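To start, the structure itself, in structure tokens.
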Amino acid sequence: MISTAKQPPWPRMLAEGVVIVVSILLAFGIDAWWQERQERQAERQQLGVLRAELAENRAEFEYRLRYGNETLLAQNKLIELIGPDSKPIPSDSLAALLADAWSFGIAEVESGAIDALLDSGEFRTAVRSDLYGLLVRYRVILTDHREEHSRQFIELRTHLLDYLGTVSPGAFVFGRSDFPVPVNDLLRDQQLEAIVSQLVVRTNQMVRSIEEMVGLADSVSVLLDREVAS
């Protein structure tokens with residue numbers, strides 16, 4: 001006896017199943033592509049913020065380099081003047097040199113963008129390893145510049161001010177004293193020479209750190225341009 005029961009339309013059902021599976025896969029693919037595109041756009045925006053931060057910092061670095069080199073000139077001039085056979089100079093000239101010798105300070109720069117990227121945890125795998133390494137190095141030097149170099153420079157500057165207050169009318173450096181200034185004694189004082197020499201060492205270290213950060217910032221900017229363009 002021949003069965004008259006209607007057979008399921010397997011070909012049609014199979015085709016419909018394939019269409020459903022393909023549609024689901026396509027939807028997942030589009031969603032993944034869109035999510036990746038959004039993440040890439042957000043990453044490029046972050047890199048753009050970092051690029052702007054580095055450019056702004058560079059202007060401050062250049063100013064500080066000029067300032068630091070002027071400070072070094074004053075410090076070295078003082079060391080040249082100090083000695084057992086030093087020749088007298090006007091007290092206001094000595095005051096100007098002393099004021100210039102301790103007036104250098106740390107570079108006031110931003111690091112919010114670099115901190116946000118390096119602390120995110122995802123940035124390391126999202127960009128080139130050489131870019132990541134440069135940014136880590138930049139932040140290490142900047143942190144040391146802000147903390148260790150700054151602390152030691154301030155300590156030396158305070159030491160110099162305290163010293164001047166014990167051997168002379170300290171306010172003469174600021175043009176606010178009517179008392180006689182022992183210029184000759186100051187310029188023949190080994191302790192003054194020692195303090196200024198320490199300031200030279202610290203100022204040199206601060207200037208060198210700024211120069212290194214400028215070089216790193218320039219290298220980072222080149223890599224950032226490549227990263228954004230890729």
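Chain labels run A, B, ... following the order of the structure tokens; each chain numbers its residues from 1, and ligands are numbered from 1 in the order shown.
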Might you pull out every residue within 9 Å of Leu50 (chain A), with only C-alpha atoms counted and same-chain residues fewer than 6 positions away left off, and present them as a PyMOL selection string?
chain A and resi 111-114+117+221+224
How many Å separate CA of Ser150 (chain A) from CA of Tyr63 (chain A)?
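Going from CA of Ser150 (chain A) over to CA of Tyr63 (chain A), I get 16.9 Å.
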Taking 3 positions as the minimum chain separation for residues in the same chain, which residues sit within 12 Å of Leu73 (chain A) when counting only C-alpha atoms? Answer as number ranges by chain.
A: 66-70, 76-80, 97-98, 100-102, 104, 196, 199-200, 203-204
Contacts of region 190-195 of chain A at 9 Å or less, counting only C-alpha atoms, minus same-chain residues fewer than 3 places along, as a list of chain:residue names?
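Selected residues are A:Leu78, A:Ile79, A:Ile82, A:Gly83, A:Pro84, A:Leu156, A:Arg157, A:His159, A:Leu160, A:Tyr163, A:Leu164, A:Leu186, A:Leu187, A:Gln198, A:Leu199, A:Val200.
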Interatomic distance (Å, one decimal) between CA of Arg188 (chain A) and CA of Asp85 (chain A)
7.4 Å
Residue with smallest distance to Ala99 (chain A) - pool A:Ile141, A:Leu161, A:Leu65, A:Leu216, counting only C-alpha atoms:
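The shortest atom-to-atom distance to Ala99 (chain A) comes from A:Leu161.
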Report, in Å to a single decimal, how far apart CA of Gln205 (chain A) and CA of Arg151 (chain A) are.
12.6 Å
From a DSSP calculation on the backbone, collect every residue of region 14-197 of chain A in alpha helix (DSSP H) and output the set as an NGL selection string.
:A and (14-81 or 91-101 or 112-119 or 123-126 or 129-144 or 150-167 or 183-187 or 190-197)
Nearest to Ala171 (chain A) by atom-to-atom distance, counting only C-alpha atoms, from A:Gly215, A:Leu81, A:Gly105, A:Asp92:
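With only C-alpha atoms as the atom set, the closest residue is A:Asp92.
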So which one's closest to Phe179 (chain A), A:Gln46, A:Gln75, A:Ser23, A:Ser91? Using only C-alpha atoms, please.
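When distances to Phe179 (chain A) are compared using only C-alpha atoms, the smallest one comes from A:Ser91.
Candidate residues A:Pro90, A:Leu135, A:Asn184, A:Glu56 were compared for distance to Leu223 (chain A), and the nearest is A:Leu135, using only C-alpha atoms.
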Using only C-alpha atoms, pick whichever of A:Leu118, A:Val207, A:Ala95, A:Ile89 has the shortest atom-to-atom distance to Thr71 (chain A).
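For Thr71 (chain A), the nearest of the given residues is A:Val207.
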